[in-house]
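Colleague: Sharing coords07.cif, mmCIF, C-alpha atoms:
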```cif
data_structure
#
loop_
_atom_site.label_atom_id
_atom_site.label_comp_id
_atom_site.auth_asym_id
_atom_site.auth_seq_id
_atom_site.Cartn_x
_atom_site.Cartn_y
_atom_site.Cartn_z
CA MET A 1 1.29 -30.44 -60.27
CA ARG A 2 -2.38 -30.87 -61.12
CA LYS A 3 -2.65 -31.99 -64.72
CA VAL A 4 -6.26 -33.20 -65.03
CA TYR A 5 -8.81 -30.57 -66.02
CA PRO A 6 -12.61 -30.97 -65.97
CA ASP A 7 -13.16 -30.08 -69.64
CA ALA A 8 -11.39 -28.99 -72.80
CA LYS A 9 -12.16 -25.30 -72.32
CA SER A 10 -10.46 -25.17 -68.93
CA ALA A 11 -7.57 -27.32 -70.18
CA LEU A 12 -6.82 -24.67 -72.81
CA ASP A 13 -7.43 -21.69 -70.55
CA GLY A 14 -4.60 -19.16 -70.80
CA LEU A 15 -2.85 -21.02 -73.63
CA LEU A 16 -4.63 -19.67 -76.71
CA LYS A 17 -3.75 -16.45 -78.50
CA ASP A 18 -4.16 -15.03 -81.98
CA GLY A 19 -1.37 -15.87 -84.42
CA MET A 20 -0.05 -18.87 -82.50
CA THR A 21 1.21 -22.17 -83.95
CA ILE A 22 -0.66 -25.34 -83.01
CA MET A 23 0.24 -28.97 -83.74
CA ALA A 24 -2.78 -31.27 -84.00
CA GLY A 25 -2.34 -35.04 -83.97
CA GLY A 26 -4.21 -37.51 -86.12
CA PHE A 27 -4.09 -39.37 -89.41
CA GLY A 28 -7.18 -38.75 -91.50
CA LEU A 29 -9.86 -38.77 -88.80
CA CYS A 30 -8.10 -41.40 -86.70
CA GLY A 31 -6.64 -40.20 -83.42
CA ILE A 32 -7.67 -36.57 -83.83
CA PRO A 33 -8.04 -34.45 -80.65
CA GLU A 34 -11.58 -33.51 -81.62
CA THR A 35 -12.75 -32.31 -78.21
CA LEU A 36 -9.83 -29.89 -77.99
CA ILE A 37 -10.43 -28.72 -81.57
CA HIS A 38 -14.03 -27.89 -80.62
CA ALA A 39 -12.77 -25.83 -77.69
CA ILE A 40 -10.33 -23.95 -79.93
CA ARG A 41 -13.16 -23.18 -82.34
CA ASP A 42 -15.39 -21.94 -79.53
CA SER A 43 -12.61 -19.71 -78.17
CA GLY A 44 -12.61 -17.61 -81.34
CA VAL A 45 -8.80 -17.47 -81.53
CA LYS A 46 -7.71 -16.62 -85.09
CA ASN A 47 -4.82 -16.30 -87.56
CA LEU A 48 -3.56 -19.73 -86.54
CA THR A 49 -0.74 -21.69 -88.12
CA VAL A 50 -1.69 -25.35 -87.79
CA ILE A 51 0.74 -28.23 -88.24
CA SER A 52 -1.08 -31.47 -89.00
CA ASN A 53 -0.75 -34.36 -91.44
CA ASN A 54 -4.07 -33.34 -92.99
CA ALA A 55 -6.88 -30.88 -92.42
CA GLY A 56 -9.71 -33.21 -91.47
CA ILE A 57 -12.77 -33.23 -93.72
CA ASP A 58 -15.53 -30.68 -94.25
CA GLY A 59 -17.24 -30.10 -90.91
CA VAL A 60 -15.11 -32.57 -88.93
CA GLY A 61 -11.78 -32.19 -87.13
CA LEU A 62 -9.68 -29.27 -88.35
CA GLY A 63 -12.34 -28.72 -90.99
CA LEU A 64 -14.27 -26.95 -88.23
CA LEU A 65 -11.52 -24.34 -87.89
CA LEU A 66 -11.43 -23.86 -91.64
CA ASP A 67 -15.19 -23.32 -91.67
CA THR A 68 -14.78 -20.48 -89.15
CA ARG A 69 -11.70 -19.15 -90.96
CA GLN A 70 -9.56 -19.34 -87.84
CA ILE A 71 -6.63 -20.93 -89.70
CA LYS A 72 -4.28 -18.66 -91.63
CA LYS A 73 -1.69 -21.25 -92.64
CA MET A 74 -1.49 -25.06 -92.80
CA ILE A 75 1.76 -27.04 -92.67
CA SER A 76 0.58 -30.40 -93.94
CA SER A 77 1.20 -33.46 -96.05
CA TYR A 78 -2.24 -34.27 -97.45
CA VAL A 79 -5.36 -32.13 -97.76
CA GLY A 80 -7.33 -33.86 -100.52
CA GLU A 81 -10.38 -34.73 -98.41
CA ASN A 82 -11.38 -31.16 -97.59
CA LYS A 83 -13.24 -29.07 -100.18
CA THR A 84 -13.27 -25.99 -97.94
CA PHE A 85 -9.49 -26.20 -97.73
CA ALA A 86 -9.20 -26.28 -101.52
CA GLN A 87 -11.63 -23.39 -101.98
CA GLN A 88 -9.84 -21.15 -99.48
CA TYR A 89 -6.43 -21.97 -100.94
CA LEU A 90 -7.49 -21.31 -104.53
CA ALA A 91 -9.08 -18.03 -103.43
CA GLY A 92 -5.81 -16.91 -101.83
CA GLU A 93 -7.36 -16.97 -98.35
CA LEU A 94 -5.19 -19.75 -96.91
CA GLU A 95 -1.44 -20.36 -96.97
CA ILE A 96 -0.12 -23.88 -97.44
CA GLU A 97 3.31 -25.33 -96.76
CA PHE A 98 3.29 -28.80 -98.28
CA ASN A 99 5.65 -31.49 -96.99
CA PRO A 100 6.27 -35.07 -98.06
CA GLN A 101 4.70 -37.13 -95.29
CA GLY A 102 7.96 -38.65 -94.04
CA THR A 103 9.62 -35.24 -94.08
CA LEU A 104 6.79 -33.74 -92.05
CA ALA A 105 7.05 -36.54 -89.50
CA GLU A 106 10.81 -36.09 -89.22
CA ARG A 107 10.54 -32.30 -88.94
CA ILE A 108 8.23 -32.76 -85.95
CA ARG A 109 10.40 -35.46 -84.38
CA ALA A 110 13.48 -33.27 -84.87
CA GLY A 111 11.79 -30.30 -83.25
CA GLY A 112 10.85 -32.40 -80.24
CA ALA A 113 14.42 -33.71 -79.98
CA GLY A 114 15.98 -30.24 -80.13
CA ILE A 115 17.42 -30.77 -83.62
CA PRO A 116 17.12 -27.47 -85.54
CA ALA A 117 17.59 -28.92 -89.03
CA PHE A 118 18.51 -32.06 -91.00
CA PHE A 119 19.24 -33.11 -94.58
CA THR A 120 17.06 -35.45 -96.65
CA ARG A 121 17.09 -36.67 -100.27
CA THR A 122 13.30 -36.46 -100.42
CA GLY A 123 12.29 -33.56 -102.65
CA ALA A 124 15.78 -32.82 -103.98
CA GLY A 125 15.56 -31.51 -107.53
CA THR A 126 11.84 -30.71 -107.23
CA GLN A 127 9.76 -27.68 -106.25
CA ILE A 128 10.05 -28.88 -102.65
CA ALA A 129 13.73 -27.86 -102.77
CA GLU A 130 13.13 -24.28 -103.90
CA GLY A 131 14.72 -21.78 -101.52
CA LYS A 132 16.32 -24.49 -99.36
CA GLU A 133 19.98 -25.15 -98.74
CA GLU A 134 21.35 -28.10 -100.73
CA ARG A 135 24.43 -30.24 -100.15
CA VAL A 136 25.94 -33.29 -101.78
CA PHE A 137 26.69 -36.32 -99.61
CA ASP A 138 28.33 -39.38 -101.17
CA GLY A 139 27.40 -38.14 -104.62
CA ASP A 140 23.69 -37.55 -103.89
CA ARG A 141 21.86 -34.22 -103.51
CA TYR A 142 20.19 -33.49 -100.18
CA ILE A 143 18.05 -30.57 -99.06
CA MET A 144 17.91 -29.06 -95.61
CA GLU A 145 14.64 -29.14 -93.70
CA ARG A 146 14.02 -27.26 -90.45
CA GLY A 147 12.70 -28.93 -87.32
CA LEU A 148 9.23 -27.86 -86.20
CA ILE A 149 8.04 -26.74 -82.78
CA ALA A 150 4.68 -25.30 -81.79
CA ASP A 151 3.33 -23.01 -79.13
CA LEU A 152 0.77 -25.70 -78.36
CA SER A 153 0.40 -29.39 -79.21
CA ILE A 154 -2.99 -31.08 -78.89
CA VAL A 155 -3.01 -34.88 -78.97
CA HIS A 156 -5.42 -37.77 -78.50
CA ALA A 157 -4.53 -40.96 -76.61
CA PHE A 158 -6.39 -44.17 -75.87
CA MET A 159 -5.24 -44.23 -72.24
CA GLY A 160 -3.47 -41.85 -69.93
CA ASP A 161 -2.77 -41.62 -66.23
CA THR A 162 -3.06 -38.56 -64.04
CA GLU A 163 0.69 -37.90 -64.39
CA GLY A 164 0.35 -37.57 -68.19
CA ASN A 165 1.84 -40.88 -69.30
CA LEU A 166 0.07 -41.85 -72.54
CA ALA A 167 -0.63 -45.04 -74.47
CA TYR A 168 -2.07 -45.09 -77.99
CA ARG A 169 -4.11 -47.67 -79.88
CA LYS A 170 -3.35 -48.92 -83.38
CA THR A 171 -3.57 -46.31 -86.17
CA ALA A 172 -4.19 -43.54 -83.61
CA ARG A 173 -0.51 -43.95 -82.74
CA ASN A 174 0.40 -41.78 -85.69
CA PHE A 175 1.58 -38.18 -85.38
CA ASN A 176 0.41 -37.91 -81.77
CA PRO A 177 3.58 -39.19 -80.01
CA MET A 178 5.91 -36.95 -82.03
CA MET A 179 3.73 -33.88 -81.57
CA ALA A 180 3.51 -34.47 -77.83
CA THR A 181 7.27 -33.83 -77.65
CA ALA A 182 7.35 -30.85 -80.01
CA GLY A 183 4.96 -28.44 -78.31
CA LYS A 184 6.05 -25.82 -75.81
CA VAL A 185 2.87 -26.92 -74.01
CA THR A 186 1.12 -30.23 -74.73
CA VAL A 187 -2.52 -30.86 -73.85
CA ALA A 188 -3.81 -34.42 -74.20
CA GLU A 189 -7.33 -35.77 -74.37
CA VAL A 190 -7.59 -39.39 -73.24
CA GLU A 191 -10.38 -41.92 -73.61
CA HIS A 192 -9.48 -43.85 -70.46
CA LEU A 193 -8.06 -41.97 -67.48
CA VAL A 194 -6.33 -44.16 -64.88
CA GLN A 195 -4.04 -43.81 -61.90
CA PRO A 196 -0.23 -43.89 -62.05
CA GLY A 197 0.97 -47.48 -62.23
CA ASP A 198 -2.17 -48.76 -63.97
CA ILE A 199 -0.55 -48.63 -67.42
CA ASP A 200 2.03 -51.31 -68.18
CA PRO A 201 5.31 -49.38 -68.42
CA ASP A 202 6.10 -51.23 -71.66
CA HIS A 203 2.93 -49.77 -73.19
CA ILE A 204 3.67 -46.13 -72.36
CA VAL A 205 4.66 -44.28 -75.54
CA THR A 206 4.61 -40.66 -74.34
CA ALA A 207 6.20 -39.97 -70.96
CA GLY A 208 4.25 -37.72 -68.63
CA ILE A 209 7.06 -35.15 -68.54
CA TYR A 210 5.90 -33.95 -71.97
CA VAL A 211 2.23 -33.52 -71.04
CA LYS A 212 1.17 -30.47 -69.05
CA ARG A 213 -2.63 -30.82 -69.11
CA ILE A 214 -5.12 -33.66 -69.56
CA VAL A 215 -8.83 -33.86 -70.23
CA HIS A 216 -10.88 -37.05 -69.98
CA VAL A 217 -13.07 -37.79 -73.05
CA PRO A 218 -14.75 -41.16 -72.35
CA ASP A 219 -17.26 -40.78 -75.17
CA ALA A 220 -14.91 -39.84 -78.00
CA VAL A 221 -16.54 -40.20 -81.41
CA LYS A 222 -14.75 -42.57 -83.83
CA HIS A 223 -15.40 -41.15 -87.28
CA ILE A 224 -15.09 -43.14 -90.49
CA GLU A 225 -13.45 -40.99 -93.13
CA GLN A 226 -14.60 -42.99 -96.15
CA ARG A 227 -17.33 -45.59 -95.75
CA THR A 228 -17.38 -48.11 -98.58
CA THR A 229 -20.05 -50.82 -98.89
CA ARG A 230 -20.98 -53.34 -101.54
CA LYS A 231 -23.84 -55.68 -102.18
CA ARG A 232 -23.37 -59.22 -101.02
CA THR A 233 -23.27 -61.77 -103.85
CA ASP A 234 -26.17 -64.20 -104.25
CA SER A 235 -24.00 -67.08 -103.09
CA ALA A 236 -23.54 -65.33 -99.73
CA VAL A 237 -27.29 -64.90 -99.14
CA PRO A 238 -29.23 -67.75 -97.52
CA ALA A 239 -31.61 -69.36 -100.03
CA GLY A 240 -35.08 -67.90 -100.06
CA THR A 241 -34.32 -64.84 -97.92
CA GLY A 242 -33.80 -62.35 -100.75
CA GLU A 243 -31.66 -60.27 -98.35
CA GLU A 244 -28.97 -57.94 -99.56
CA ILE A 245 -26.34 -55.95 -97.71
#
```
Write the structure described by the file as structure tokens, please.

Modeller:
Amino acid sequence: MRKVYPDAKSALDGLLKDGMTIMAGGFGLCGIPETLIHAIRDSGVKNLTVISNNAGIDGVGLGLLLDTRQIKKMISSYVGENKTFAQQYLAGELEIEFNPQGTLAERIRAGGAGIPAFFTRTGAGTQIAEGKEERVFDGDRYIMERGLIADLSIVHAFMGDTEGNLAYRKTARNFNPMMATAGKVTVAEVEHLVQPGDIDPDHIVTAGIYVKRIVHVPDAVKHIEQRTTRKRTDSAVPAGTGEEI
């Protein structure tokens, strides 16, 4: 089976449709499948339900799909970095299903493992529990959460081979591995594309059986979500230079 495609547009060919559910990996702007997001934007597909930890920032990542109003509903944990998101939500133009971050992660993992639902104490007795089944275990209240699956999962990996085995790097190993298992079809963009056997088996996180299509993105942009700088103290500046950072 040929898994490697020449570009993101061809890798998504035949997979996109209006009203579909898409999982998008990433944590903040780290490990986001940005090249695939661009291709989804350019396709014009609309009324999407997107499952992602957050919604990028204005003009970057999933923020691009909010700008074009292609997203109808977000299932997320944190959206505080995106003003467009807030504006559309407050105007009644965007649906939100908020999840505690650990609950969201477990819902995705459960979906990928074929587990339809599970019980958790997180959110019991709060608005999170409204409309959900509750049970008492060992004297504590638990609420039932449903597992999540998507029509399409898009993920970003540091390295992948032509069979779809993926390895991630540092913080980019966030929601990507779970989402790779929970999509009916998973498309991965990889920074380094190698041949089978070139990745140490102990470093493979996502097995190739989960990945149907791959696109090579050797020049992936590494965004900084919040850049913070400060002036260097006088004691850190060589005498007589007058330099500041």

Colleague: Excluding Ile128 of chain A and any residue of its chain fewer than 6 positions from it, enumerate the residues within 9 Å of it, using only C-alpha atoms, and give them as a list in words.

Modeller: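 Answer for this query is Phe98, Asn99, Pro100, Thr122 and Ile143 of chain A.
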
Colleague: Expand the PyMOL selection byres ((chain A and resi 189-200) around 7) into the individual residues it matches in the shown file, reporting them as JSON, numbers by chain.

Modeller: {"A": [33, 155, 156, 157, 158, 159, 160, 161, 162, 163, 187, 188, 201, 202, 203, 204, 214, 215, 216, 217, 218, 220]}

Colleague: Which one of A:Ala167, A:Leu16, A:Ile154, A:Ile51 sits closest to Glu34 of chain A if you count all atoms listed in the file?

Modeller: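 For Glu34 of chain A, the nearest of the candidates is A:Ile154.
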
Colleague: Take the point (4.9, -43.3, -75.2) in the file's coordinates, draw a sphere of radius 8 Å around it, and report as a list in words every protein, DNA or RNA residue with an atom inside or on it, counting only C-alpha atoms.

Modeller: Asn165, Leu166, Ala167, Tyr168, Pro177, His203, Ile204, Val205, Thr206 and Ala207 of chain A

Colleague: What is the atom CA of Gly63 of chain A-atom CA of Val4 of chain A distance in Å, reported with one decimal?

Modeller: 27.0 Å

Colleague: Pick out the closest residue to Ala86 of chain A from this set: A:Leu104, A:Val60, A:Val136, A:Leu66. Count all atoms listed in the file.

Modeller: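 With all atoms listed in the file as the atom set, the closest residue is A:Leu66.
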
Colleague: Give me, as a list of chain:residue names, all polymer residues having an atom no more than 8 Å from Gly164 of chain A, counting all atoms listed in the file and skipping those fewer than 5 positions away in the same chain.

Modeller: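 Neighbouring residues, sequence-local ones excluded: A:Lys3, A:Ala188, A:Ala207, A:Gly208, A:Ile209, A:Tyr210, A:Val211, A:Lys212, A:Arg213, A:Ile214.
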
Colleague: Have a look at atom CA of Thr84 of chain A and atom CA of Asp58 of chain A and let me know their distance in Å, one decimal.

Modeller: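 Separating atom CA of Thr84 of chain A from atom CA of Asp58 of chain A is a distance of 6.4 Å.
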
Colleague: Please compute the atom CA of Arg107 of chain A-atom CA of Asp42 of chain A distance, one decimal, in Å.

Modeller: 29.5 Å

Colleague: Might you pull out every residue within 6 Å of segment 18-28 of chain A, with only C-alpha atoms counted and same-chain residues fewer than 2 positions away left off, and present them as a VMD selection string?

Modeller: chain A and resid 30 to 32 45 to 52 150 to 155 175 to 176

Colleague: Could you write out that same residue set with C-alpha atoms as a PDB file, keeping the file's coordinate frame?

Modeller:
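Writing done, so here's selection-v1.pdb:
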```pdb
ATOM      1  CA  CYS A  30      -8.100 -41.400 -86.700  1.00  0.00           C
ATOM      2  CA  GLY A  31      -6.640 -40.200 -83.420  1.00  0.00           C
ATOM      3  CA  ILE A  32      -7.670 -36.570 -83.830  1.00  0.00           C
ATOM      4  CA  VAL A  45      -8.800 -17.470 -81.530  1.00  0.00           C
ATOM      5  CA  LYS A  46      -7.710 -16.620 -85.090  1.00  0.00           C
ATOM      6  CA  ASN A  47      -4.820 -16.300 -87.560  1.00  0.00           C
ATOM      7  CA  LEU A  48      -3.560 -19.730 -86.540  1.00  0.00           C
ATOM      8  CA  THR A  49      -0.740 -21.690 -88.120  1.00  0.00           C
ATOM      9  CA  VAL A  50      -1.690 -25.350 -87.790  1.00  0.00           C
ATOM     10  CA  ILE A  51       0.740 -28.230 -88.240  1.00  0.00           C
ATOM     11  CA  SER A  52      -1.080 -31.470 -89.000  1.00  0.00           C
ATOM     12  CA  ALA A 150       4.680 -25.300 -81.790  1.00  0.00           C
ATOM     13  CA  ASP A 151       3.330 -23.010 -79.130  1.00  0.00           C
ATOM     14  CA  LEU A 152       0.770 -25.700 -78.360  1.00  0.00           C
ATOM     15  CA  SER A 153       0.400 -29.390 -79.210  1.00  0.00           C
ATOM     16  CA  ILE A 154      -2.990 -31.080 -78.890  1.00  0.00           C
ATOM     17  CA  VAL A 155      -3.010 -34.880 -78.970  1.00  0.00           C
ATOM     18  CA  PHE A 175       1.580 -38.180 -85.380  1.00  0.00           C
ATOM     19  CA  ASN A 176       0.410 -37.910 -81.770  1.00  0.00           C
TER      20      ASN A 176
END
```

Colleague: Could you give me, as an MDAnalysis selection string, the residues within 10 Å of Ala110 of chain A, counting all atoms listed in the file and dropping anything in the same chain fewer than 5 positions from it?

Modeller: chainID A and resid 104:105 115:118 145:149 178 181:182

Colleague: Given the PyMOL selection byres ((chain A and resi 223) around 8) and the file above, list the residues it selects as a list in words.

Modeller: Leu29, Cys30, Val221, Lys222, Ile224 and Glu225 of chain A

Colleague: Which of these residues is nearest to Leu12 of chain A, using only C-alpha atoms: A:Thr120, A:Thr35, A:Asn54, A:Thr126?

Modeller: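 Using only C-alpha atoms, the shortest distance to Leu12 of chain A belongs to A:Thr35.
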
Colleague: Please tell me which residues are no farther than 9 Å from (-11.1, -23.7, -80.5) in the file, counting all atoms listed in the file, and write them as a count of residues only.

Modeller: 16

Colleague: Excluding same-chain residues fewer than 6 positions from segment 88-95 of chain A, what lies within 9 Å of it counting only C-alpha atoms, as a list in words?

Modeller: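 What passes the distance filter is Thr49, Leu66, Arg69, Ile71, Lys72, Lys73, Met74 and Ile75 of chain A.
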
Colleague: Keeping C-alpha atoms, export the residues of the selection given above as a PDB file, in the coordinates of the input.

Modeller:
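File produced: part17.pdb:
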```pdb
ATOM      1  CA  THR A  49      -0.740 -21.690 -88.120  1.00  0.00           C
ATOM      2  CA  LEU A  66     -11.430 -23.860 -91.640  1.00  0.00           C
ATOM      3  CA  ARG A  69     -11.700 -19.150 -90.960  1.00  0.00           C
ATOM      4  CA  ILE A  71      -6.630 -20.930 -89.700  1.00  0.00           C
ATOM      5  CA  LYS A  72      -4.280 -18.660 -91.630  1.00  0.00           C
ATOM      6  CA  LYS A  73      -1.690 -21.250 -92.640  1.00  0.00           C
ATOM      7  CA  MET A  74      -1.490 -25.060 -92.800  1.00  0.00           C
ATOM      8  CA  ILE A  75       1.760 -27.040 -92.670  1.00  0.00           C
TER       9      ILE A  75
END
```

Colleague: Can you take the partial segment 122-155 of chain A, add N, CA and C atoms, and return it as a PDB file, keeping the file's coordinate frame?

Modeller:
```pdb
ATOM      1  N   THR A 122      14.674 -36.601 -99.967  1.00  0.00           N
ATOM      2  CA  THR A 122      13.300 -36.460-100.420  1.00  0.00           C
ATOM      3  C   THR A 122      13.028 -35.025-100.879  1.00  0.00           C
ATOM      4  N   GLY A 123      12.601 -34.875-102.115  1.00  0.00           N
ATOM      5  CA  GLY A 123      12.290 -33.560-102.650  1.00  0.00           C
ATOM      6  C   GLY A 123      13.429 -32.884-103.369  1.00  0.00           C
ATOM      7  N   ALA A 124      14.647 -33.432-103.293  1.00  0.00           N
ATOM      8  CA  ALA A 124      15.780 -32.820-103.980  1.00  0.00           C
ATOM      9  C   ALA A 124      15.522 -32.795-105.487  1.00  0.00           C
ATOM     10  N   GLY A 125      15.777 -31.642-106.110  1.00  0.00           N
ATOM     11  CA  GLY A 125      15.560 -31.510-107.530  1.00  0.00           C
ATOM     12  C   GLY A 125      14.130 -31.235-107.934  1.00  0.00           C
ATOM     13  N   THR A 126      13.240 -31.005-106.952  1.00  0.00           N
ATOM     14  CA  THR A 126      11.840 -30.710-107.230  1.00  0.00           C
ATOM     15  C   THR A 126      11.479 -29.339-106.665  1.00  0.00           C
ATOM     16  N   GLN A 127      10.214 -28.960-106.807  1.00  0.00           N
ATOM     17  CA  GLN A 127       9.760 -27.680-106.250  1.00  0.00           C
ATOM     18  C   GLN A 127       9.898 -27.649-104.732  1.00  0.00           C
ATOM     19  N   ILE A 128       9.880 -28.808-104.104  1.00  0.00           N
ATOM     20  CA  ILE A 128      10.050 -28.880-102.650  1.00  0.00           C
ATOM     21  C   ILE A 128      11.371 -28.248-102.230  1.00  0.00           C
ATOM     22  N   ALA A 129      12.377 -28.331-103.113  1.00  0.00           N
ATOM     23  CA  ALA A 129      13.730 -27.860-102.770  1.00  0.00           C
ATOM     24  C   ALA A 129      13.915 -26.361-102.966  1.00  0.00           C
ATOM     25  N   GLU A 130      12.951 -25.692-103.583  1.00  0.00           N
ATOM     26  CA  GLU A 130      13.130 -24.280-103.900  1.00  0.00           C
ATOM     27  C   GLU A 130      13.342 -23.442-102.638  1.00  0.00           C
ATOM     28  N   GLY A 131      14.418 -22.660-102.639  1.00  0.00           N
ATOM     29  CA  GLY A 131      14.720 -21.780-101.520  1.00  0.00           C
ATOM     30  C   GLY A 131      15.380 -22.466-100.338  1.00  0.00           C
ATOM     31  N   LYS A 132      15.709 -23.767-100.474  1.00  0.00           N
ATOM     32  CA  LYS A 132      16.320 -24.490 -99.360  1.00  0.00           C
ATOM     33  C   LYS A 132      17.786 -24.789 -99.650  1.00  0.00           C
ATOM     34  N   GLU A 133      18.559 -24.832 -98.599  1.00  0.00           N
ATOM     35  CA  GLU A 133      19.980 -25.150 -98.740  1.00  0.00           C
ATOM     36  C   GLU A 133      20.144 -26.577 -99.256  1.00  0.00           C
ATOM     37  N   GLU A 134      21.076 -26.764-100.198  1.00  0.00           N
ATOM     38  CA  GLU A 134      21.350 -28.100-100.730  1.00  0.00           C
ATOM     39  C   GLU A 134      22.816 -28.450-100.501  1.00  0.00           C
ATOM     40  N   ARG A 135      23.063 -29.725-100.258  1.00  0.00           N
ATOM     41  CA  ARG A 135      24.430 -30.240-100.150  1.00  0.00           C
ATOM     42  C   ARG A 135      24.495 -31.609-100.828  1.00  0.00           C
ATOM     43  N   VAL A 136      25.701 -31.979-101.174  1.00  0.00           N
ATOM     44  CA  VAL A 136      25.940 -33.290-101.780  1.00  0.00           C
ATOM     45  C   VAL A 136      26.663 -34.162-100.776  1.00  0.00           C
ATOM     46  N   PHE A 137      26.079 -35.329-100.496  1.00  0.00           N
ATOM     47  CA  PHE A 137      26.690 -36.320 -99.610  1.00  0.00           C
ATOM     48  C   PHE A 137      26.841 -37.617-100.399  1.00  0.00           C
ATOM     49  N   ASP A 138      28.066 -38.111-100.472  1.00  0.00           N
ATOM     50  CA  ASP A 138      28.330 -39.380-101.170  1.00  0.00           C
ATOM     51  C   ASP A 138      27.749 -39.383-102.576  1.00  0.00           C
ATOM     52  N   GLY A 139      27.825 -38.237-103.230  1.00  0.00           N
ATOM     53  CA  GLY A 139      27.400 -38.140-104.620  1.00  0.00           C
ATOM     54  C   GLY A 139      25.924 -37.875-104.827  1.00  0.00           C
ATOM     55  N   ASP A 140      25.125 -37.790-103.765  1.00  0.00           N
ATOM     56  CA  ASP A 140      23.690 -37.550-103.890  1.00  0.00           C
ATOM     57  C   ASP A 140      23.331 -36.184-103.321  1.00  0.00           C
ATOM     58  N   ARG A 141      22.334 -35.533-103.944  1.00  0.00           N
ATOM     59  CA  ARG A 141      21.860 -34.220-103.510  1.00  0.00           C
ATOM     60  C   ARG A 141      20.884 -34.369-102.345  1.00  0.00           C
ATOM     61  N   TYR A 142      21.066 -33.532-101.345  1.00  0.00           N
ATOM     62  CA  TYR A 142      20.190 -33.490-100.180  1.00  0.00           C
ATOM     63  C   TYR A 142      19.721 -32.055 -99.973  1.00  0.00           C
ATOM     64  N   ILE A 143      18.528 -31.903 -99.418  1.00  0.00           N
ATOM     65  CA  ILE A 143      18.050 -30.570 -99.060  1.00  0.00           C
ATOM     66  C   ILE A 143      17.881 -30.485 -97.552  1.00  0.00           C
ATOM     67  N   MET A 144      18.038 -29.279 -97.058  1.00  0.00           N
ATOM     68  CA  MET A 144      17.910 -29.060 -95.610  1.00  0.00           C
ATOM     69  C   MET A 144      16.470 -28.733 -95.245  1.00  0.00           C
ATOM     70  N   GLU A 145      15.975 -29.405 -94.242  1.00  0.00           N
ATOM     71  CA  GLU A 145      14.640 -29.140 -93.700  1.00  0.00           C
ATOM     72  C   GLU A 145      14.780 -28.722 -92.241  1.00  0.00           C
ATOM     73  N   ARG A 146      13.981 -27.748 -91.822  1.00  0.00           N
ATOM     74  CA  ARG A 146      14.020 -27.260 -90.450  1.00  0.00           C
ATOM     75  C   ARG A 146      13.128 -28.107 -89.554  1.00  0.00           C
ATOM     76  N   GLY A 147      13.561 -28.296 -88.318  1.00  0.00           N
ATOM     77  CA  GLY A 147      12.700 -28.930 -87.320  1.00  0.00           C
ATOM     78  C   GLY A 147      11.523 -28.027 -86.995  1.00  0.00           C
ATOM     79  N   LEU A 148      10.448 -28.611 -86.514  1.00  0.00           N
ATOM     80  CA  LEU A 148       9.230 -27.860 -86.200  1.00  0.00           C
ATOM     81  C   LEU A 148       8.928 -27.923 -84.703  1.00  0.00           C
ATOM     82  N   ILE A 149       8.578 -26.787 -84.143  1.00  0.00           N
ATOM     83  CA  ILE A 149       8.040 -26.740 -82.780  1.00  0.00           C
ATOM     84  C   ILE A 149       6.781 -25.890 -82.825  1.00  0.00           C
ATOM     85  N   ALA A 150       5.946 -26.036 -81.822  1.00  0.00           N
ATOM     86  CA  ALA A 150       4.680 -25.300 -81.790  1.00  0.00           C
ATOM     87  C   ALA A 150       4.488 -24.666 -80.427  1.00  0.00           C
ATOM     88  N   ASP A 151       3.696 -23.607 -80.413  1.00  0.00           N
ATOM     89  CA  ASP A 151       3.330 -23.010 -79.130  1.00  0.00           C
ATOM     90  C   ASP A 151       2.487 -23.974 -78.309  1.00  0.00           C
ATOM     91  N   LEU A 152       1.688 -24.777 -79.022  1.00  0.00           N
ATOM     92  CA  LEU A 152       0.770 -25.700 -78.360  1.00  0.00           C
ATOM     93  C   LEU A 152       0.636 -26.960 -79.194  1.00  0.00           C
ATOM     94  N   SER A 153       0.719 -28.124 -78.558  1.00  0.00           N
ATOM     95  CA  SER A 153       0.400 -29.390 -79.210  1.00  0.00           C
ATOM     96  C   SER A 153      -0.855 -29.964 -78.557  1.00  0.00           C
ATOM     97  N   ILE A 154      -1.801 -30.390 -79.391  1.00  0.00           N
ATOM     98  CA  ILE A 154      -2.990 -31.080 -78.890  1.00  0.00           C
ATOM     99  C   ILE A 154      -2.986 -32.493 -79.449  1.00  0.00           C
ATOM    100  N   VAL A 155      -3.120 -33.478 -78.556  1.00  0.00           N
ATOM    101  CA  VAL A 155      -3.010 -34.880 -78.970  1.00  0.00           C
ATOM    102  C   VAL A 155      -4.156 -35.686 -78.367  1.00  0.00           C
TER     103      VAL A 155
END
```
